[in-house]
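Worksheet: one structure, shown below.
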2 protein chains.
Amino acid sequence: MSEHHVEFWFEFASTYSYPAAMRIGALARERHVAVRWRPFLLGPIFKAQGWGTSPFNIYAAKGRYMWRDLERTCIAIGLPFVKPAVFPQNTLLASRVALLAFEQGRGEDFCRAVYAAEFGEGRDIGEPEMLAAILRRLGQDADRLFAQAQSDAVKVLLRTQCEEAQKLGIFGAPSFVTPDGELFWGNDRLETALDWAVR
Amino acid sequence: MSEHHVEFWFEFASTYSYPAAMRIGALARERHVAVRWRPFLLGPIFKAQGWGTSPFNIYAAKGRYMWRDLERTCIAIGLPFVKPAVFPQNTLLASRVALLAFEQGRGEDFCRAVYAAEFGEGRDIGEPEMLAAILRRLGQDADRLFAQAQSDAVKVLLRTQCEEAQKLGIFGAPSFVTPDGELFWGNDRLETALDWAVR
């Protein structure tokens, strides 16, 4: 096992979490850094600062820029990109299923498949049927996982994650946290965060 | 003369414009890209989206992060950094003087000196006396430049710059615009913008 660690805080509705989720595996392996994936919800954090939706929807110029920049970013690294019709998407069920999947050691594949569907194909992963299709493709029992995901234990687990994110000073996604408490925000800081962890 | 061009839109109050202003010269020369420096004011753009001050002051977690991230960024590239007591600073006079200085072919040195004072030494470049000291160090006649900077011609010039920035979809600084109309935002996109200009 690696002695170096980074926490990868992501939200399924976050656009730049998509390239980060697709890139972090190989980049962390190269540097012998162990990554702990931490799904959380940005909604409560945004609400606390007065936003009822994504700032990319509230601030039009910034939103237009973000979609073009994300497209350029994906092209540059050879990642498929289709702008989803629904944005931001309801990520509550996906986040709960992800927490479960990580407990069962299958979290990363599920998360990457969710991001690929949402931003690589433009699907709505807020639809339970879409999530069920993703789980079936991964050979998993969607009905059983959905039932477990709605348990009080998983609901509390996700709420606790969100509270921890806020305590860490996280205000956006993706964010990376190193064991010495340094916070790095954005897909652009992925390499910097990993390099910090091994320095 | 280079056949490749990039516009560098910056605001003296913008923290990440500091490393961008200090880095752009060498990076552009390496790629044979000519840079047109375009000072503008973010205040009117922020006001139009309901902000009375910098979003880094409005959103505390984001502000705390930015100062730490800026410090790390400066350390990584060997740039002095002192957090100024006043933020954001009044950049109206500095921006008008910069426009004049560019017309006289001495703009870049002035802008770098302003940024070095503001974020390298933590001074308040909203103070005319501070700006006068910078101009004198550059061997220029501060009194004459201040008088010219308050002329209607320069006032209109700055207002026109700000309107053009908004038309280009600029919502923050630094921003880079290539002749084919691509917009790149942030010190993190400096290399990408220059590479785009020569591709």
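Letters A, B, ... mark the chains of the structure tokens in the order given; residue numbers begin at 1 per chain; ligand numbers begin at 1, in order shown.
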What are the residues of chain A lining chain B at 8 Å or less? Count only C-alpha atoms, and put the answer as a PDB file with C-alpha atoms, in the first residue's frame.
ATOM      1  CA  GLN A  49     -24.377  31.088   0.290  1.00  0.00           C
ATOM      2  CA  TYR A  59     -24.190  33.853 -13.889  1.00  0.00           C
ATOM      3  CA  ALA A  61     -21.423  34.633 -18.974  1.00  0.00           C
ATOM      4  CA  LYS A  62     -19.613  32.301 -16.586  1.00  0.00           C
ATOM      5  CA  TYR A  65     -17.665  30.039 -20.720  1.00  0.00           C
ATOM      6  CA  ASP A  69     -13.991  25.422 -21.619  1.00  0.00           C
ATOM      7  CA  GLY A 169     -13.647  24.576   3.799  1.00  0.00           C
ATOM      8  CA  ILE A 170     -14.837  22.945   0.583  1.00  0.00           C
ATOM      9  CA  PHE A 171     -16.959  25.292  -1.546  1.00  0.00           C
ATOM     10  CA  LEU A 183      -7.181  22.109   0.040  1.00  0.00           C
ATOM     11  CA  PHE A 184      -6.958  22.203  -3.761  1.00  0.00           C
ATOM     12  CA  ASP A 188      -6.752  22.167 -12.845  1.00  0.00           C
TER      13      ASP A 188
END
Excluding Leu92 of chain A and its own-chain neighbours fewer than 5 positions away, which residues fall within 12 Å of it when counting only C-alpha atoms? Please give them as a PDB file with N, CA and C atoms, in the first residue's frame.
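What landed in out-v4.pdb:
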ATOM      1  N   GLU A  11     -18.768  15.759  -6.730  1.00  0.00           N
ATOM      2  CA  GLU A  11     -20.244  15.819  -6.746  1.00  0.00           C
ATOM      3  C   GLU A  11     -20.638  15.452  -8.172  1.00  0.00           C
ATOM      4  N   PHE A  12     -21.605  14.540  -8.303  1.00  0.00           N
ATOM      5  CA  PHE A  12     -21.958  14.060  -9.648  1.00  0.00           C
ATOM      6  C   PHE A  12     -22.502  15.167 -10.548  1.00  0.00           C
ATOM      7  N   ALA A  13     -23.046  16.241  -9.967  1.00  0.00           N
ATOM      8  CA  ALA A  13     -23.567  17.334 -10.790  1.00  0.00           C
ATOM      9  C   ALA A  13     -22.465  18.277 -11.274  1.00  0.00           C
ATOM     10  N   PRO A  39     -17.734  11.128  -2.309  1.00  0.00           N
ATOM     11  CA  PRO A  39     -18.894  11.799  -2.926  1.00  0.00           C
ATOM     12  C   PRO A  39     -19.589  12.698  -1.917  1.00  0.00           C
ATOM     13  N   PHE A  40     -20.022  13.868  -2.358  1.00  0.00           N
ATOM     14  CA  PHE A  40     -20.789  14.756  -1.471  1.00  0.00           C
ATOM     15  C   PHE A  40     -21.743  15.588  -2.320  1.00  0.00           C
ATOM     16  N   LEU A  41     -22.582  16.368  -1.660  1.00  0.00           N
ATOM     17  CA  LEU A  41     -23.567  17.200  -2.367  1.00  0.00           C
ATOM     18  C   LEU A  41     -23.190  18.671  -2.240  1.00  0.00           C
ATOM     19  N   LEU A  42     -23.182  19.367  -3.359  1.00  0.00           N
ATOM     20  CA  LEU A  42     -22.900  20.800  -3.332  1.00  0.00           C
ATOM     21  C   LEU A  42     -24.137  21.623  -2.990  1.00  0.00           C
ATOM     22  N   GLY A  43     -25.328  21.050  -3.220  1.00  0.00           N
ATOM     23  CA  GLY A  43     -26.578  21.784  -3.008  1.00  0.00           C
ATOM     24  C   GLY A  43     -26.632  22.522  -1.672  1.00  0.00           C
ATOM     25  N   PRO A  44     -26.409  21.803  -0.545  1.00  0.00           N
ATOM     26  CA  PRO A  44     -26.488  22.479   0.759  1.00  0.00           C
ATOM     27  C   PRO A  44     -25.447  23.595   0.905  1.00  0.00           C
ATOM     28  N   VAL A  97     -25.918   5.663  -3.708  1.00  0.00           N
ATOM     29  CA  VAL A  97     -25.469   4.387  -4.282  1.00  0.00           C
ATOM     30  C   VAL A  97     -23.936   4.348  -4.318  1.00  0.00           C
ATOM     31  N   ALA A  98     -23.322   5.480  -4.641  1.00  0.00           N
ATOM     32  CA  ALA A  98     -21.856   5.528  -4.691  1.00  0.00           C
ATOM     33  C   ALA A  98     -21.258   5.204  -3.327  1.00  0.00           C
ATOM     34  N   LEU A  99     -21.813   5.777  -2.268  1.00  0.00           N
ATOM     35  CA  LEU A  99     -21.300   5.503  -0.916  1.00  0.00           C
ATOM     36  C   LEU A  99     -21.368   4.011  -0.609  1.00  0.00           C
ATOM     37  N   ILE A 125     -28.621  11.386 -15.184  1.00  0.00           N
ATOM     38  CA  ILE A 125     -28.369  10.371 -14.165  1.00  0.00           C
ATOM     39  C   ILE A 125     -29.200  10.639 -12.903  1.00  0.00           C
ATOM     40  N   GLY A 126     -30.074  11.645 -12.959  1.00  0.00           N
ATOM     41  CA  GLY A 126     -31.060  11.849 -11.902  1.00  0.00           C
ATOM     42  C   GLY A 126     -32.226  10.874 -12.041  1.00  0.00           C
ATOM     43  N   GLU A 127     -32.354  10.239 -13.211  1.00  0.00           N
ATOM     44  CA  GLU A 127     -33.396   9.241 -13.452  1.00  0.00           C
ATOM     45  C   GLU A 127     -32.969   7.901 -12.866  1.00  0.00           C
ATOM     46  N   PRO A 128     -33.737   7.339 -11.925  1.00  0.00           N
ATOM     47  CA  PRO A 128     -33.360   6.040 -11.348  1.00  0.00           C
ATOM     48  C   PRO A 128     -33.163   4.963 -12.424  1.00  0.00           C
ATOM     49  N   LEU A 131     -29.677   5.107 -13.747  1.00  0.00           N
ATOM     50  CA  LEU A 131     -28.741   4.544 -12.765  1.00  0.00           C
ATOM     51  C   LEU A 131     -28.842   3.025 -12.723  1.00  0.00           C
ATOM     52  N   PHE A 146     -30.614  -0.074  -4.666  1.00  0.00           N
ATOM     53  CA  PHE A 146     -31.508   1.073  -4.441  1.00  0.00           C
ATOM     54  C   PHE A 146     -32.161   0.968  -3.060  1.00  0.00           C
ATOM     55  N   ALA A 149     -29.640   1.780  -0.514  1.00  0.00           N
ATOM     56  CA  ALA A 149     -29.253   3.191  -0.605  1.00  0.00           C
ATOM     57  C   ALA A 149     -30.257   4.095   0.098  1.00  0.00           C
ATOM     58  N   GLN A 150     -31.500   3.636   0.213  1.00  0.00           N
ATOM     59  CA  GLN A 150     -32.528   4.443   0.889  1.00  0.00           C
ATOM     60  C   GLN A 150     -32.581   4.175   2.385  1.00  0.00           C
ATOM     61  N   VAL A 154     -27.364   4.874   5.234  1.00  0.00           N
ATOM     62  CA  VAL A 154     -26.721   5.518   4.075  1.00  0.00           C
ATOM     63  C   VAL A 154     -27.097   6.998   4.013  1.00  0.00           C
ATOM     64  N   LYS A 155     -28.346   7.315   4.354  1.00  0.00           N
ATOM     65  CA  LYS A 155     -28.756   8.724   4.370  1.00  0.00           C
ATOM     66  C   LYS A 155     -27.889   9.524   5.354  1.00  0.00           C
ATOM     67  N   LEU A 158     -24.276  10.018   4.039  1.00  0.00           N
ATOM     68  CA  LEU A 158     -24.126  11.090   3.049  1.00  0.00           C
ATOM     69  C   LEU A 158     -24.209  12.458   3.710  1.00  0.00           C
ATOM     70  N   ARG A 159     -25.137  12.590   4.667  1.00  0.00           N
ATOM     71  CA  ARG A 159     -25.248  13.865   5.370  1.00  0.00           C
ATOM     72  C   ARG A 159     -23.945  14.190   6.106  1.00  0.00           C
ATOM     73  N   CYS A 162     -21.307  15.500   3.773  1.00  0.00           N
ATOM     74  CA  CYS A 162     -21.526  16.892   3.377  1.00  0.00           C
ATOM     75  C   CYS A 162     -21.073  17.839   4.495  1.00  0.00           C
TER      76      CYS A 162
END
Within 9 Å of segment 14-25 of chain B using only C-alpha atoms, minus same-chain residues under 6 positions, as a CSV table (one decimal) with C-alpha atoms, in the first residue's frame:
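Printed below is part29.csv as written:
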chain,number,residue,atom,x,y,z
B,8,PHE,CA,-4.5,39.8,-22.2
B,35,VAL,CA,0.5,40.1,-26.6
B,42,LEU,CA,-14.2,44.3,-13.1
B,54,SER,CA,-15.1,41.0,-4.9
B,66,MET,CA,-8.0,31.9,-2.9
B,67,TRP,CA,-5.4,33.6,-0.7
B,70,LEU,CA,-2.4,32.3,-4.6
B,73,THR,CA,1.1,29.5,-6.7
B,74,CYS,CA,3.6,32.3,-6.1
B,77,ILE,CA,7.1,30.0,-9.4
B,79,LEU,CA,7.2,35.2,-7.0
B,88,PRO,CA,-10.0,44.8,-3.4
B,108,GLU,CA,4.2,46.6,-19.5
B,111,CYS,CA,1.8,47.2,-15.0
B,112,ARG,CA,4.3,44.8,-13.7
B,115,TYR,CA,1.4,44.2,-9.5
B,116,ALA,CA,4.7,43.8,-7.7
B,118,GLU,CA,0.3,45.4,-4.7
B,119,PHE,CA,0.7,41.6,-4.3
B,120,GLY,CA,4.5,41.3,-4.0
B,172,GLY,CA,-13.3,37.7,-14.5
B,173,ALA,CA,-9.6,38.3,-14.8
B,174,PRO,CA,-7.2,37.5,-16.1
B,175,SER,CA,-8.8,36.6,-19.4
B,186,GLY,CA,-7.6,32.5,-15.3
B,187,ASN,CA,-3.9,32.3,-14.7
B,188,ASP,CA,-4.3,28.5,-15.1
B,190,LEU,CA,-2.4,31.2,-19.8
B,191,GLU,CA,-0.3,28.5,-21.5
B,194,LEU,CA,-1.0,30.9,-26.0
Which neighbours of Met130 of chain B fall inside 12 Å, counting only C-alpha atoms, when residues of the same chain fewer than 4 positions from it are skipped, and could you give them as a short mmCIF file (atom, residue, chain, number, x, y, z; two decimals) with N, CA and C atoms, in the first residue's frame?
data_model
loop_
_atom_site.label_atom_id
_atom_site.label_comp_id
_atom_site.auth_asym_id
_atom_site.auth_seq_id
_atom_site.Cartn_x
_atom_site.Cartn_y
_atom_site.Cartn_z
N THR B 91 -8.75 50.74 -8.36
CA THR B 91 -7.78 50.64 -9.46
C THR B 91 -8.09 51.60 -10.59
N LEU B 93 -7.47 54.96 -11.05
CA LEU B 93 -6.36 55.79 -11.52
C LEU B 93 -5.26 54.93 -12.16
N ALA B 94 -4.92 53.81 -11.52
CA ALA B 94 -3.88 52.94 -12.07
C ALA B 94 -4.26 52.46 -13.48
N ALA B 113 5.14 46.69 -12.40
CA ALA B 113 5.54 47.38 -11.17
C ALA B 113 4.35 47.57 -10.23
N VAL B 114 3.16 47.83 -10.81
CA VAL B 114 1.95 47.97 -9.99
C VAL B 114 1.64 46.63 -9.30
N TYR B 115 1.67 45.56 -10.06
CA TYR B 115 1.38 44.24 -9.47
C TYR B 115 2.42 43.86 -8.41
N ALA B 116 3.68 44.16 -8.68
CA ALA B 116 4.74 43.82 -7.72
C ALA B 116 4.51 44.57 -6.40
N ALA B 117 4.11 45.84 -6.49
CA ALA B 117 3.84 46.62 -5.28
C ALA B 117 2.63 46.07 -4.53
N GLU B 118 1.57 45.77 -5.28
CA GLU B 118 0.30 45.39 -4.67
C GLU B 118 0.36 43.99 -4.03
N GLU B 121 4.44 43.16 -2.44
CA GLU B 121 4.83 43.91 -1.23
C GLU B 121 3.63 44.26 -0.35
N GLY B 122 2.41 43.98 -0.85
CA GLY B 122 1.21 44.24 -0.04
C GLY B 122 0.82 45.71 0.08
N ARG B 123 1.28 46.55 -0.86
CA ARG B 123 0.97 47.99 -0.80
C ARG B 123 -0.42 48.28 -1.36
N ASP B 124 -0.90 49.49 -1.08
CA ASP B 124 -2.20 49.92 -1.62
C ASP B 124 -1.98 50.80 -2.84
N ILE B 125 -2.18 50.21 -4.02
CA ILE B 125 -1.94 50.97 -5.26
C ILE B 125 -3.15 51.85 -5.60
N GLY B 126 -4.15 51.87 -4.71
CA GLY B 126 -5.25 52.83 -4.85
C GLY B 126 -4.83 54.21 -4.36
N ILE B 134 5.84 54.68 -7.91
CA ILE B 134 6.13 53.67 -8.94
C ILE B 134 6.57 54.36 -10.23
N LEU B 135 5.85 55.40 -10.62
CA LEU B 135 6.16 56.11 -11.87
C LEU B 135 7.54 56.76 -11.78
N ARG B 136 7.84 57.37 -10.63
CA ARG B 136 9.15 58.02 -10.48
C ARG B 136 10.27 56.99 -10.59
N ARG B 137 10.06 55.82 -9.97
CA ARG B 137 11.08 54.77 -10.06
C ARG B 137 11.31 54.34 -11.51
N ALA B 142 5.25 61.76 -12.88
CA ALA B 142 3.96 61.35 -12.31
C ALA B 142 2.91 62.45 -12.44
#
Checklist entry - DSSP says strand (DSSP E or B) for which residues of segment 27-166 of chain B? Put them as a VMD selection string? => result chain B and resid 33 to 39
Preceding selection exported with N, CA and C atoms as a tab-separated table (two decimals), in the first residue's frame:
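Output file out_25.tsv follows:
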chain	number	residue	atom	x	y	z
B	33	VAL	N	4.39	34.69	-29.79
B	33	VAL	CA	3.04	35.27	-29.77
B	33	VAL	C	3.15	36.72	-29.30
B	34	ALA	N	2.52	37.62	-30.04
B	34	ALA	CA	2.46	39.02	-29.62
B	34	ALA	C	1.27	39.20	-28.67
B	35	VAL	N	1.51	39.90	-27.56
B	35	VAL	CA	0.46	40.08	-26.55
B	35	VAL	C	0.01	41.53	-26.54
B	36	ARG	N	-1.29	41.73	-26.61
B	36	ARG	CA	-1.84	43.07	-26.41
B	36	ARG	C	-2.44	43.13	-25.01
B	37	TRP	N	-1.85	43.99	-24.18
B	37	TRP	CA	-2.31	44.12	-22.79
B	37	TRP	C	-3.54	45.01	-22.75
B	38	ARG	N	-4.63	44.54	-22.15
B	38	ARG	CA	-5.88	45.28	-22.10
B	38	ARG	C	-6.37	45.47	-20.66
B	39	PRO	N	-5.98	46.58	-20.02
B	39	PRO	CA	-6.50	46.83	-18.66
B	39	PRO	C	-7.99	47.13	-18.71
Item to check | Secondary structure check, helix (DSSP H, G or I) residues of segment 37-174 of chain A, as a PyMOL selection string | outcome: chain A and resi 43-48+55-58+60-76+92-103+107-120+128-137+142-149+152-167
Those selected residues, please, written with C-alpha atoms and delivered as a CSV table (one decimal), in the first residue's frame.
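And here is the file that came out, out_28.csv:
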chain,number,residue,atom,x,y,z
A,43,GLY,CA,-26.6,21.8,-3.0
A,44,PRO,CA,-26.5,22.5,0.8
A,45,ILE,CA,-23.2,24.4,0.4
A,46,PHE,CA,-24.6,26.5,-2.5
A,47,LYS,CA,-27.8,27.1,-0.6
A,48,ALA,CA,-25.9,28.3,2.5
A,55,PRO,CA,-23.7,29.4,-10.2
A,56,PHE,CA,-23.2,28.5,-13.9
A,57,ASN,CA,-26.9,28.9,-14.3
A,58,ILE,CA,-27.1,32.1,-12.2
A,60,ALA,CA,-24.8,33.5,-17.6
A,61,ALA,CA,-21.4,34.6,-19.0
A,62,LYS,CA,-19.6,32.3,-16.6
A,63,GLY,CA,-21.9,29.4,-17.6
A,64,ARG,CA,-21.4,30.0,-21.3
A,65,TYR,CA,-17.7,30.0,-20.7
A,66,MET,CA,-17.7,26.9,-18.6
A,67,TRP,CA,-19.4,24.7,-21.2
A,68,ARG,CA,-17.0,25.8,-23.9
A,69,ASP,CA,-14.0,25.4,-21.6
A,70,LEU,CA,-15.2,22.0,-20.5
A,71,GLU,CA,-15.6,21.0,-24.1
A,72,ARG,CA,-12.1,22.2,-25.0
A,73,THR,CA,-10.7,20.4,-21.9
A,74,CYS,CA,-12.3,17.1,-22.9
A,75,ILE,CA,-11.1,17.3,-26.5
A,76,ALA,CA,-7.6,18.0,-25.3
A,92,LEU,CA,-29.0,12.4,-4.4
A,93,LEU,CA,-29.7,8.7,-5.3
A,94,ALA,CA,-26.4,8.4,-7.3
A,95,SER,CA,-24.4,9.7,-4.4
A,96,ARG,CA,-26.1,7.3,-1.9
A,97,VAL,CA,-25.5,4.4,-4.3
A,98,ALA,CA,-21.9,5.5,-4.7
A,99,LEU,CA,-21.3,5.5,-0.9
A,100,LEU,CA,-22.6,2.0,-0.8
A,101,ALA,CA,-20.6,0.9,-3.8
A,102,PHE,CA,-17.4,2.2,-2.1
A,103,GLU,CA,-18.2,0.2,1.0
A,107,GLY,CA,-17.2,2.5,-6.1
A,108,GLU,CA,-14.7,3.8,-8.7
A,109,ASP,CA,-16.2,1.9,-11.6
A,110,PHE,CA,-19.7,3.0,-10.7
A,111,CYS,CA,-18.6,6.7,-10.4
A,112,ARG,CA,-16.7,6.7,-13.7
A,113,ALA,CA,-19.8,5.1,-15.4
A,114,VAL,CA,-22.1,7.7,-13.9
A,115,TYR,CA,-19.8,10.5,-15.2
A,116,ALA,CA,-19.4,8.9,-18.6
A,117,ALA,CA,-23.2,8.7,-19.0
A,118,GLU,CA,-23.9,12.2,-17.7
A,119,PHE,CA,-21.2,14.2,-19.5
A,120,GLY,CA,-19.8,11.7,-22.1
A,128,PRO,CA,-33.4,6.0,-11.3
A,129,GLU,CA,-33.8,4.0,-14.6
A,130,MET,CA,-30.6,5.4,-16.0
A,131,LEU,CA,-28.7,4.5,-12.8
A,132,ALA,CA,-30.3,1.1,-12.8
A,133,ALA,CA,-29.0,0.5,-16.4
A,134,ILE,CA,-25.5,1.6,-15.3
A,135,LEU,CA,-25.6,-0.8,-12.4
A,136,ARG,CA,-26.8,-3.7,-14.5
A,137,ARG,CA,-24.0,-3.0,-17.1
A,142,ALA,CA,-29.9,-2.4,-9.0
A,143,ASP,CA,-33.1,-3.2,-7.0
A,144,ARG,CA,-31.2,-4.4,-4.0
A,145,LEU,CA,-28.7,-1.5,-4.1
A,146,PHE,CA,-31.5,1.1,-4.4
A,147,ALA,CA,-33.2,-0.4,-1.4
A,148,GLN,CA,-30.0,-0.3,0.6
A,149,ALA,CA,-29.3,3.2,-0.6
A,152,ASP,CA,-31.2,5.5,7.2
A,153,ALA,CA,-27.6,4.4,7.6
A,154,VAL,CA,-26.7,5.5,4.1
A,155,LYS,CA,-28.8,8.7,4.4
A,156,VAL,CA,-26.9,9.6,7.5
A,157,LEU,CA,-23.6,8.7,5.9
A,158,LEU,CA,-24.1,11.1,3.0
A,159,ARG,CA,-25.2,13.9,5.4
A,160,THR,CA,-22.1,13.4,7.4
A,161,GLN,CA,-19.9,13.6,4.3
A,162,CYS,CA,-21.5,16.9,3.4
A,163,GLU,CA,-20.9,18.3,6.9
A,164,GLU,CA,-17.3,17.1,6.7
A,165,ALA,CA,-16.9,18.8,3.4
A,166,GLN,CA,-18.1,22.1,4.8
A,167,LYS,CA,-15.8,21.8,7.8
Item to check | d(atom CA of Val198 of chain A, atom CA of Arg29 of chain A) in Å | outcome: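 Between these atoms lies a distance of 11.9 Å.
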